[in-house]
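A.B. asks: Provided below: coords01.cif, containing mmCIF, C-alpha atoms.
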data_work
#
loop_
_atom_site.group_PDB
_atom_site.id
_atom_site.type_symbol
_atom_site.label_atom_id
_atom_site.label_comp_id
_atom_site.auth_asym_id
_atom_site.auth_seq_id
_atom_site.Cartn_x
_atom_site.Cartn_y
_atom_site.Cartn_z
ATOM 1 C CA MET A 1 -166.279 20.673 131.131
ATOM 2 C CA ALA A 2 -165.575 24.349 131.724
ATOM 3 C CA ASN A 3 -167.974 26.916 130.271
ATOM 4 C CA GLU A 4 -168.337 30.681 130.380
ATOM 5 C CA HIS A 5 -169.771 30.493 133.903
ATOM 6 C CA THR A 6 -166.998 28.306 135.362
ATOM 7 C CA LEU A 7 -165.125 29.884 138.254
ATOM 8 C CA TYR A 8 -161.703 29.080 139.658
ATOM 9 C CA GLY A 9 -161.062 30.649 143.042
ATOM 10 C CA LEU A 10 -158.103 31.626 145.164
ATOM 11 C CA ILE A 11 -158.418 31.864 148.938
ATOM 12 C CA GLY A 12 -155.968 33.573 151.253
ATOM 13 C CA TYR A 13 -155.539 36.489 153.630
ATOM 14 C CA PRO A 14 -154.547 39.100 152.803
ATOM 15 C CA ILE A 15 -154.811 38.735 149.033
ATOM 16 C CA THR A 16 -153.495 42.120 147.968
ATOM 17 C CA PHE A 17 -150.142 40.614 146.921
ATOM 18 C CA VAL A 18 -151.402 37.689 144.833
ATOM 19 C CA ARG A 19 -150.642 37.603 141.091
ATOM 20 C CA SER A 20 -152.199 34.224 140.280
ATOM 21 C CA PRO A 21 -155.621 35.446 139.055
ATOM 22 C CA GLY A 22 -154.082 37.747 136.462
ATOM 23 C CA ILE A 23 -151.717 35.039 135.242
ATOM 24 C CA LEU A 24 -154.404 32.359 134.980
ATOM 25 C CA ASN A 25 -156.989 34.651 133.388
ATOM 26 C CA ALA A 26 -154.465 35.762 130.770
ATOM 27 C CA TYR A 27 -153.627 32.114 130.034
ATOM 28 C CA LEU A 28 -157.327 31.236 129.636
ATOM 29 C CA ALA A 29 -157.909 34.169 127.293
ATOM 30 C CA GLU A 30 -154.779 33.532 125.213
ATOM 31 C CA ASN A 31 -155.700 29.876 124.756
ATOM 32 C CA GLY A 32 -159.406 30.386 124.079
ATOM 33 C CA LEU A 33 -160.410 28.543 127.255
ATOM 34 C CA ALA A 34 -163.564 29.199 129.246
ATOM 35 C CA GLY A 35 -163.712 30.224 132.867
ATOM 36 C CA ARG A 36 -162.286 32.911 135.116
ATOM 37 C CA MET A 37 -160.300 33.034 138.363
ATOM 38 C CA VAL A 38 -161.574 35.188 141.218
ATOM 39 C CA PRO A 39 -159.667 35.853 144.481
ATOM 40 C CA PHE A 40 -161.516 35.440 147.792
ATOM 41 C CA GLY A 41 -160.159 37.163 150.899
ATOM 42 C CA VAL A 42 -161.016 34.956 153.878
ATOM 43 C CA ARG A 43 -160.134 35.852 157.449
ATOM 44 C CA PRO A 44 -158.382 32.956 159.216
ATOM 45 C CA GLU A 45 -161.116 32.553 161.825
ATOM 46 C CA ALA A 46 -163.709 32.197 159.042
ATOM 47 C CA LEU A 47 -161.970 29.482 156.995
ATOM 48 C CA ALA A 48 -164.274 26.608 157.971
ATOM 49 C CA SER A 49 -167.379 28.714 157.314
ATOM 50 C CA ALA A 50 -166.044 29.882 153.965
ATOM 51 C CA LEU A 51 -165.368 26.297 152.867
ATOM 52 C CA SER A 52 -168.918 25.331 153.785
ATOM 53 C CA GLY A 53 -170.182 28.025 151.460
ATOM 54 C CA LEU A 54 -167.805 27.171 148.624
ATOM 55 C CA ARG A 55 -169.077 23.589 148.628
ATOM 56 C CA HIS A 56 -172.431 24.888 147.388
ATOM 57 C CA LEU A 57 -171.164 26.995 144.469
ATOM 58 C CA GLU A 58 -172.035 24.625 141.631
ATOM 59 C CA ASN A 59 -170.088 26.569 138.993
ATOM 60 C CA LEU A 60 -166.908 26.579 141.126
ATOM 61 C CA ALA A 61 -164.467 24.028 139.706
ATOM 62 C CA GLY A 62 -162.049 24.530 142.600
ATOM 63 C CA PHE A 63 -159.600 26.998 144.055
ATOM 64 C CA PHE A 64 -155.965 27.687 144.745
ATOM 65 C CA VAL A 65 -154.867 28.114 148.362
ATOM 66 C CA THR A 66 -152.304 30.673 149.495
ATOM 67 C CA MET A 67 -151.036 32.045 152.809
ATOM 68 C CA PRO A 68 -151.966 31.467 155.582
ATOM 69 C CA PHE A 69 -154.127 28.434 154.804
ATOM 70 C CA LYS A 70 -151.894 25.896 153.064
ATOM 71 C CA GLU A 71 -151.531 23.769 156.186
ATOM 72 C CA SER A 72 -154.615 24.677 158.231
ATOM 73 C CA ILE A 73 -156.970 23.753 155.391
ATOM 74 C CA LEU A 74 -155.843 20.120 155.218
ATOM 75 C CA PRO A 75 -157.981 18.682 158.061
ATOM 76 C CA LEU A 76 -161.038 20.575 156.786
ATOM 77 C CA LEU A 77 -161.064 18.795 153.421
ATOM 78 C CA ASP A 78 -162.841 15.556 152.545
ATOM 79 C CA GLU A 79 -159.815 13.999 150.841
ATOM 80 C CA ALA A 80 -156.214 14.821 149.971
ATOM 81 C CA SER A 81 -153.551 13.405 147.667
ATOM 82 C CA GLU A 82 -150.554 11.482 148.941
ATOM 83 C CA THR A 83 -148.305 14.429 148.042
ATOM 84 C CA ALA A 84 -150.479 16.761 150.113
ATOM 85 C CA ARG A 85 -150.416 14.374 153.085
ATOM 86 C CA ILE A 86 -146.636 13.923 152.945
ATOM 87 C CA SER A 87 -145.985 17.642 152.658
ATOM 88 C CA GLY A 88 -148.693 18.508 155.172
ATOM 89 C CA ALA A 89 -149.833 21.292 152.867
ATOM 90 C CA VAL A 90 -152.370 21.982 150.115
ATOM 91 C CA ASN A 91 -152.253 24.692 147.464
ATOM 92 C CA ILE A 92 -155.082 23.567 145.193
ATOM 93 C CA VAL A 93 -158.544 22.136 145.905
ATOM 94 C CA ARG A 94 -160.956 20.484 143.497
ATOM 95 C CA ARG A 95 -164.692 20.760 144.145
ATOM 96 C CA THR A 96 -166.499 17.646 142.929
ATOM 97 C CA PRO A 97 -170.019 17.852 141.449
ATOM 98 C CA GLU A 98 -171.284 16.533 144.800
ATOM 99 C CA GLY A 99 -169.622 19.379 146.696
ATOM 100 C CA ARG A 100 -166.753 17.359 148.171
ATOM 101 C CA LEU A 101 -163.362 19.053 148.466
ATOM 102 C CA PHE A 102 -160.188 17.221 147.392
ATOM 103 C CA GLY A 103 -156.813 18.818 148.154
ATOM 104 C CA HIS A 104 -153.557 18.485 146.261
ATOM 105 C CA GLN A 105 -150.104 20.099 146.250
ATOM 106 C CA LEU A 106 -148.672 21.747 143.113
ATOM 107 C CA ASP A 107 -146.251 24.279 144.630
ATOM 108 C CA GLY A 108 -143.378 21.867 144.221
ATOM 109 C CA THR A 109 -144.533 20.820 140.758
ATOM 110 C CA GLY A 110 -144.486 24.436 139.659
ATOM 111 C CA PHE A 111 -141.212 25.455 141.270
ATOM 112 C CA VAL A 112 -139.267 22.382 140.190
ATOM 113 C CA GLY A 113 -140.987 22.379 136.799
ATOM 114 C CA ALA A 114 -139.569 25.849 136.167
ATOM 115 C CA MET A 115 -136.126 24.639 137.270
ATOM 116 C CA LYS A 116 -136.309 21.700 134.871
ATOM 117 C CA ALA A 117 -137.416 23.986 132.035
ATOM 118 C CA ALA A 118 -134.294 26.057 132.709
ATOM 119 C CA GLN A 119 -132.232 22.839 132.662
ATOM 120 C CA VAL A 120 -131.117 23.096 136.271
ATOM 121 C CA SER A 121 -129.482 19.829 137.342
ATOM 122 C CA ILE A 122 -131.272 18.398 140.392
ATOM 123 C CA ALA A 123 -130.277 14.720 140.503
ATOM 124 C CA GLY A 124 -127.742 14.208 143.274
ATOM 125 C CA ALA A 125 -127.681 17.913 144.179
ATOM 126 C CA SER A 126 -127.119 19.335 147.653
ATOM 127 C CA VAL A 127 -129.984 21.728 148.408
ATOM 128 C CA HIS A 128 -130.448 24.375 151.096
ATOM 129 C CA VAL A 129 -134.090 25.334 151.747
ATOM 130 C CA ALA A 130 -135.040 28.277 153.951
ATOM 131 C CA GLY A 131 -138.415 27.729 155.587
ATOM 132 C CA ALA A 132 -140.484 24.754 156.699
ATOM 133 C CA GLY A 133 -144.010 25.884 155.876
ATOM 134 C CA GLY A 134 -146.421 24.713 153.216
ATOM 135 C CA VAL A 135 -144.519 26.003 150.194
ATOM 136 C CA SER A 136 -141.246 24.596 151.485
ATOM 137 C CA ALA A 137 -142.854 21.200 152.072
ATOM 138 C CA GLY A 138 -144.178 20.998 148.529
ATOM 139 C CA ILE A 139 -140.868 22.055 147.018
ATOM 140 C CA CYS A 140 -138.919 19.577 149.155
ATOM 141 C CA CYS A 141 -141.211 16.776 147.951
ATOM 142 C CA ALA A 142 -140.710 17.709 144.313
ATOM 143 C CA LEU A 143 -136.940 18.076 144.694
ATOM 144 C CA ALA A 144 -136.748 14.631 146.310
ATOM 145 C CA GLU A 145 -138.889 13.158 143.530
ATOM 146 C CA ALA A 146 -136.433 14.704 141.048
ATOM 147 C CA GLY A 147 -133.529 12.924 142.751
ATOM 148 C CA ALA A 148 -131.956 15.559 145.010
ATOM 149 C CA GLY A 149 -129.213 13.896 147.030
ATOM 150 C CA ARG A 150 -129.384 16.007 150.197
ATOM 151 C CA ILE A 151 -131.855 18.626 151.404
ATOM 152 C CA ALA A 152 -130.964 20.814 154.392
ATOM 153 C CA ILE A 153 -133.930 22.648 155.918
ATOM 154 C CA LYS A 154 -133.348 25.822 157.957
ATOM 155 C CA ASN A 155 -136.224 27.332 159.898
ATOM 156 C CA ARG A 156 -136.583 29.619 162.909
ATOM 157 C CA ASN A 157 -138.797 26.997 164.581
ATOM 158 C CA ARG A 158 -136.561 23.935 164.659
ATOM 159 C CA GLY A 159 -139.362 21.624 165.832
ATOM 160 C CA ARG A 160 -141.395 22.501 162.767
ATOM 161 C CA ALA A 161 -138.428 21.737 160.514
ATOM 162 C CA GLU A 162 -137.780 18.421 162.291
ATOM 163 C CA ALA A 163 -141.410 17.362 161.845
ATOM 164 C CA LEU A 164 -141.235 18.113 158.119
ATOM 165 C CA ALA A 165 -137.904 16.286 157.750
ATOM 166 C CA ASP A 166 -139.332 13.213 159.497
ATOM 167 C CA ARG A 167 -142.282 13.040 157.081
ATOM 168 C CA LEU A 168 -139.984 13.479 154.105
ATOM 169 C CA ARG A 169 -137.495 10.824 155.239
ATOM 170 C CA SER A 170 -140.260 8.233 155.399
ATOM 171 C CA ALA A 171 -141.540 9.097 151.928
ATOM 172 C CA PHE A 172 -138.195 9.599 150.146
ATOM 173 C CA PRO A 173 -135.572 7.250 151.623
ATOM 174 C CA LYS A 174 -133.089 7.886 148.793
ATOM 175 C CA THR A 175 -132.705 11.563 149.743
ATOM 176 C CA VAL A 176 -130.874 12.664 152.901
ATOM 177 C CA PHE A 177 -132.870 15.228 154.898
ATOM 178 C CA VAL A 178 -131.221 17.275 157.649
ATOM 179 C CA VAL A 179 -132.308 20.200 159.787
ATOM 180 C CA THR A 180 -129.630 22.852 160.001
ATOM 181 C CA THR A 181 -128.821 26.111 161.730
ATOM 182 C CA SER A 182 -126.055 26.858 159.227
ATOM 183 C CA GLN A 183 -126.094 28.943 156.072
ATOM 184 C CA PRO A 184 -125.343 27.365 152.668
ATOM 185 C CA GLY A 185 -121.661 26.780 151.932
ATOM 186 C CA GLU A 186 -119.265 25.476 149.303
ATOM 187 C CA GLU A 187 -121.054 22.126 149.107
ATOM 188 C CA THR A 188 -124.411 23.684 148.183
ATOM 189 C CA ASP A 189 -125.654 23.386 144.589
ATOM 190 C CA ILE A 190 -129.164 24.820 144.976
ATOM 191 C CA VAL A 191 -130.575 27.459 147.356
ATOM 192 C CA VAL A 192 -134.319 27.984 147.752
ATOM 193 C CA ASN A 193 -136.021 30.709 149.754
ATOM 194 C CA ALA A 194 -139.402 29.272 150.726
ATOM 195 C CA THR A 195 -140.171 31.952 153.325
ATOM 196 C CA SER A 196 -142.081 35.210 152.900
ATOM 197 C CA LEU A 197 -138.968 37.305 153.607
ATOM 198 C CA GLY A 198 -138.533 39.690 150.702
ATOM 199 C CA LEU A 199 -142.241 40.346 150.295
ATOM 200 C CA ASN A 200 -141.977 43.634 152.175
ATOM 201 C CA ALA A 201 -139.446 46.419 151.689
ATOM 202 C CA GLY A 202 -136.820 46.342 154.410
ATOM 203 C CA ASP A 203 -137.078 42.596 155.079
ATOM 204 C CA PRO A 204 -133.716 41.021 155.963
ATOM 205 C CA LEU A 205 -132.242 38.576 153.468
ATOM 206 C CA PRO A 206 -133.673 35.101 154.123
ATOM 207 C CA VAL A 207 -130.353 33.429 153.275
ATOM 208 C CA ASP A 208 -126.724 34.505 153.707
ATOM 209 C CA LEU A 209 -125.029 33.747 150.384
ATOM 210 C CA SER A 210 -121.537 34.842 151.418
ATOM 211 C CA ALA A 211 -120.091 31.306 151.522
ATOM 212 C CA ILE A 212 -121.609 29.816 148.356
ATOM 213 C CA ARG A 213 -119.825 29.016 145.099
ATOM 214 C CA ARG A 214 -120.333 31.327 142.137
ATOM 215 C CA GLY A 215 -122.742 30.100 139.507
ATOM 216 C CA ILE A 216 -125.037 27.915 141.602
ATOM 217 C CA PHE A 217 -128.845 28.121 141.385
ATOM 218 C CA VAL A 218 -130.789 30.415 143.737
ATOM 219 C CA GLY A 219 -134.592 30.395 143.597
ATOM 220 C CA ASP A 220 -137.123 32.507 145.475
ATOM 221 C CA VAL A 221 -140.834 31.806 146.011
ATOM 222 C CA VAL A 222 -141.579 35.480 146.740
ATOM 223 C CA ASN A 223 -143.777 36.861 143.973
ATOM 224 C CA ILE A 224 -143.410 40.633 143.703
ATOM 225 C CA PRO A 225 -142.914 42.920 140.716
ATOM 226 C CA GLY A 226 -139.229 43.108 139.930
ATOM 227 C CA GLN A 227 -136.398 41.254 141.567
ATOM 228 C CA THR A 228 -136.197 40.379 145.250
ATOM 229 C CA ALA A 229 -133.173 41.488 147.260
ATOM 230 C CA LEU A 230 -132.072 37.856 147.532
ATOM 231 C CA LEU A 231 -132.042 37.389 143.764
ATOM 232 C CA ASN A 232 -130.177 40.659 143.286
ATOM 233 C CA ALA A 233 -127.528 39.436 145.736
ATOM 234 C CA ALA A 234 -127.356 36.068 143.970
ATOM 235 C CA GLU A 235 -126.937 37.606 140.531
ATOM 236 C CA ALA A 236 -124.131 39.795 141.864
ATOM 237 C CA LEU A 237 -122.380 36.517 142.703
ATOM 238 C CA GLY A 238 -122.916 35.155 139.202
ATOM 239 C CA CYS A 239 -125.694 32.760 140.207
ATOM 240 C CA ARG A 240 -128.547 31.488 138.075
ATOM 241 C CA THR A 241 -131.816 32.735 139.579
ATOM 242 C CA GLN A 242 -135.546 32.027 139.496
ATOM 243 C CA HIS A 243 -138.230 34.513 140.516
ATOM 244 C CA GLY A 244 -141.366 33.490 142.407
ATOM 245 C CA ARG A 245 -143.619 34.154 139.429
ATOM 246 C CA ALA A 246 -141.853 31.410 137.457
ATOM 247 C CA MET A 247 -143.424 28.665 139.571
ATOM 248 C CA PHE A 248 -146.995 29.487 138.586
ATOM 249 C CA GLY A 249 -146.712 28.975 134.834
ATOM 250 C CA PRO A 250 -145.798 25.259 134.960
ATOM 251 C CA GLN A 251 -148.730 24.665 137.325
ATOM 252 C CA ILE A 252 -151.449 25.925 135.001
ATOM 253 C CA GLU A 253 -151.952 22.894 132.771
ATOM 254 C CA PHE A 254 -151.680 20.535 135.750
ATOM 255 C CA ALA A 255 -154.190 22.661 137.670
ATOM 256 C CA LEU A 256 -156.767 22.808 134.862
ATOM 257 C CA HIS A 257 -156.518 19.034 134.369
ATOM 258 C CA PHE A 258 -156.884 18.502 138.116
ATOM 259 C CA TYR A 259 -159.956 20.764 138.296
ATOM 260 C CA ALA A 260 -161.603 18.945 135.385
ATOM 261 C CA HIS A 261 -160.635 15.349 136.010
ATOM 262 C CA GLY A 262 -158.889 14.944 139.369
ATOM 263 C CA LEU A 263 -155.584 13.093 139.619
#
Would you encode the structure as structure tokens?
C.D. replies:
Amino acid sequence: MANEHTLYGLIGYPITFVRSPGILNAYLAENGLAGRMVPFGVRPEALASALSGLRHLENLAGFFVTMPFKESILPLLDEASETARISGAVNIVRRTPEGRLFGHQLDGTGFVGAMKAAQVSIAGASVHVAGAGGVSAGICCALAEAGAGRIAIKNRNRGRAEALADRLRSAFPKTVFVVTTSQPGEETDIVVNATSLGLNAGDPLPVDLSAIRRGIFVGDVVNIPGQTALLNAAEALGCRTQHGRAMFGPQIEFALHFYAHGL
């Protein structure tokens, strides 16, 4: 059980852009819950060493994982959930009392949970996802679990997108997965930016929305103050939008349960 000394971590590099600690700490305070989240900046070459140290922090319940470690951390853990193995990515790790590290994937749970809360229709939908990294993988899993009919994955590295699509096809045979070089068109119901484009001023738009229907859903994983350029463009076309910060809220209760009890 959490107490005043319980820590929840967040590892990534760099961590100057992360908003998760503030969101989680506010939630803990507002709900009278013990514990505090602390961000840890870990250089990529030091990841294995950092994990060795974290195993020995007895008041550490676990930690969130952000860029660039969501995929590279997987083989360094003792165990991982089926969702993490299918997606090939981890965004949350539980430290057991014995110091073992168990990885799980809640990016998709959070992103799709926010969509469901906004009553976005997913069952049977045609989805265009930009990106094939860890966040994209988690979101694709959750969209398939929610009944998406077709998911098109567009990524600069086609081989990476094909590898993700192959894993997803095996796990979710009812959803059609394709790798595309095209932009979303008239058939698209849902657009998701799961790349980091939009994090920095001057980034190009991650998706060309010029051929979409008005009123569809456009979501962005980028978590910056204010709107991203993609969401501004989508709203100008009359689309429903979802900011990157929306995906964290639905994860909190799942994360705290996972830290305390596992799956």
A.B. asks: Using only C-alpha atoms, give me every residue within 12 Å of (-160.2, 18.4, 136.1) in file coordinates, as an mmCIF file with C-alpha atoms, keeping the file's coordinate frame.
C.D. replies:
data_model
loop_
_atom_site.group_PDB
_atom_site.id
_atom_site.type_symbol
_atom_site.label_atom_id
_atom_site.label_comp_id
_atom_site.auth_asym_id
_atom_site.auth_seq_id
_atom_site.Cartn_x
_atom_site.Cartn_y
_atom_site.Cartn_z
ATOM 1 C CA MET A 1 -166.279 20.673 131.131
ATOM 2 C CA ALA A 2 -165.575 24.349 131.724
ATOM 3 C CA TYR A 8 -161.703 29.080 139.658
ATOM 4 C CA LEU A 60 -166.908 26.579 141.126
ATOM 5 C CA ALA A 61 -164.467 24.028 139.706
ATOM 6 C CA GLY A 62 -162.049 24.530 142.600
ATOM 7 C CA PHE A 63 -159.600 26.998 144.055
ATOM 8 C CA ILE A 92 -155.082 23.567 145.193
ATOM 9 C CA VAL A 93 -158.544 22.136 145.905
ATOM 10 C CA ARG A 94 -160.956 20.484 143.497
ATOM 11 C CA ARG A 95 -164.692 20.760 144.145
ATOM 12 C CA THR A 96 -166.499 17.646 142.929
ATOM 13 C CA PRO A 97 -170.019 17.852 141.449
ATOM 14 C CA PHE A 102 -160.188 17.221 147.392
ATOM 15 C CA ILE A 252 -151.449 25.925 135.001
ATOM 16 C CA GLU A 253 -151.952 22.894 132.771
ATOM 17 C CA PHE A 254 -151.680 20.535 135.750
ATOM 18 C CA ALA A 255 -154.190 22.661 137.670
ATOM 19 C CA LEU A 256 -156.767 22.808 134.862
ATOM 20 C CA HIS A 257 -156.518 19.034 134.369
ATOM 21 C CA PHE A 258 -156.884 18.502 138.116
ATOM 22 C CA TYR A 259 -159.956 20.764 138.296
ATOM 23 C CA ALA A 260 -161.603 18.945 135.385
ATOM 24 C CA HIS A 261 -160.635 15.349 136.010
ATOM 25 C CA GLY A 262 -158.889 14.944 139.369
ATOM 26 C CA LEU A 263 -155.584 13.093 139.619
#
A.B. asks: Residues at most 8 Å from stretch 235-244 of chain A, counting all atoms listed in the file, excluding those fewer than 5 positions away in the same chain, as JSON, numbers by chain?
C.D. replies: {"A": [115, 214, 215, 216, 217, 218, 219, 220, 221, 222, 223, 224, 227, 228]}
A.B. asks: Selection from above, C-alpha atoms, as an mmCIF file, keeping the file's coordinate frame, can you write it?
C.D. replies:
data_model
loop_
_atom_site.group_PDB
_atom_site.id
_atom_site.type_symbol
_atom_site.label_atom_id
_atom_site.label_comp_id
_atom_site.auth_asym_id
_atom_site.auth_seq_id
_atom_site.Cartn_x
_atom_site.Cartn_y
_atom_site.Cartn_z
ATOM 1 C CA MET A 115 -136.126 24.639 137.270
ATOM 2 C CA ARG A 214 -120.333 31.327 142.137
ATOM 3 C CA GLY A 215 -122.742 30.100 139.507
ATOM 4 C CA ILE A 216 -125.037 27.915 141.602
ATOM 5 C CA PHE A 217 -128.845 28.121 141.385
ATOM 6 C CA VAL A 218 -130.789 30.415 143.737
ATOM 7 C CA GLY A 219 -134.592 30.395 143.597
ATOM 8 C CA ASP A 220 -137.123 32.507 145.475
ATOM 9 C CA VAL A 221 -140.834 31.806 146.011
ATOM 10 C CA VAL A 222 -141.579 35.480 146.740
ATOM 11 C CA ASN A 223 -143.777 36.861 143.973
ATOM 12 C CA ILE A 224 -143.410 40.633 143.703
ATOM 13 C CA GLN A 227 -136.398 41.254 141.567
ATOM 14 C CA THR A 228 -136.197 40.379 145.250
#
A.B. asks: Apply the PyMOL selection byres ((chain A and resi 35-46) around 12) to the displayed file and report the matching residues as a PyMOL selection string.
C.D. replies: chain A and resi 1-29+31-34+47-54+59-73+252+256+259-260
A.B. asks: Of the candidates A:Glu145, A:Leu57, A:Gln183, A:Gly103, which shows the shortest atom-to-atom distance to A:Pro75, using all atoms listed in the file?
C.D. replies: A:Gly103
A.B. asks: Suppose you want the space between atom CA of A:Ala229 and atom CA of A:Gly185; what is it in Å?
C.D. replies: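 Interatomic distance here is 19.3 Å.
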A.B. asks: Any chance you could work out the residue set of the PyMOL selection byres ((chain A and resi 152-164) around 8) here, as a list in words?
C.D. replies: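 On the file shown, the PyMOL selection byres ((chain A and resi 152-164) around 8) covers Ser87, Ser126, Val127, His128, Val129, Ala130, Gly131, Ala132, Ala137, Arg150, Ile151, Ala165, Asp166, Arg167, Leu168, Phe177, Val178, Val179, Thr180, Thr181 and Ser182 of chain A.
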A.B. asks: Applied to this file, what does the PyMOL selection byres ((chain A and resi 105) around 10) return in terms of residues, put as a VMD selection string?
C.D. replies: chain A and resid 64 to 65 70 80 to 93 103 to 104 106 to 110 134 to 135 137 to 139 141 to 142 255
A.B. asks: Point out the residue among A:Glu79, A:Arg100, A:Ala146, A:Gly113 with the least atom-to-atom distance to A:Gln251, counting all atoms listed in the file.
C.D. replies: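 Counting all atoms listed in the file, the residue closest to A:Gln251 is A:Gly113.
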A.B. asks: With distances taken over all atoms listed in the file, which of A:Leu231, A:Ala171, A:Leu209, A:Leu143 is nearest to A:Val120?
C.D. replies: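 Nearest to A:Val120: A:Leu143.
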A.B. asks: What is the distance, in Å and to one decimal place, between atom CA of A:Val207 and atom CA of A:Gly124?
C.D. replies: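 Separation of atom CA of A:Val207 and atom CA of A:Gly124: 21.8 Å.
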A.B. asks: Go ahead and compute the interatomic distance for atom CA of A:Ser210 and atom CA of A:Ser121, in Å to one decimal.
C.D. replies: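 Interatomic distance, atom CA of A:Ser210 to atom CA of A:Ser121: 22.1 Å.
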A.B. asks: Neighbouring residues of A:Pro206 were defined as those with any atom within 8 Å, considering all atoms listed in the file; residues of the same chain fewer than 5 positions away were excluded. Please report them as a PyMOL selection string.
C.D. replies: chain A and resi 130+193+195+197-198+230
A.B. asks: Which is closer to A:Lys174 than all the others in A:Ala144, A:Leu101, A:Leu77, A:Ala201, using only C-alpha atoms?
C.D. replies: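 Answer, going by the shortest atom-to-atom distance: A:Ala144.
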A.B. asks: Please give the centre and size of the box around stretch 14-32 of chain A (axis-aligned, containing every atom listed in the file, 4 Å added per side), with values in Å to one decimal and written as lines of an AutoDock Vina configuration file.
C.D. replies:
center_x = -154.8
center_y = 36.0
center_z = 138.4
size_x = 17.3
size_y = 20.2
size_z = 36.7
A.B. asks: Using only C-alpha atoms, list the residues that have an atom at most 6 Å from (-130.1, 15.3, 142.5), coordinates as in the file, as a ChimeraX atom specification.
C.D. replies: /A:122-125,147-149
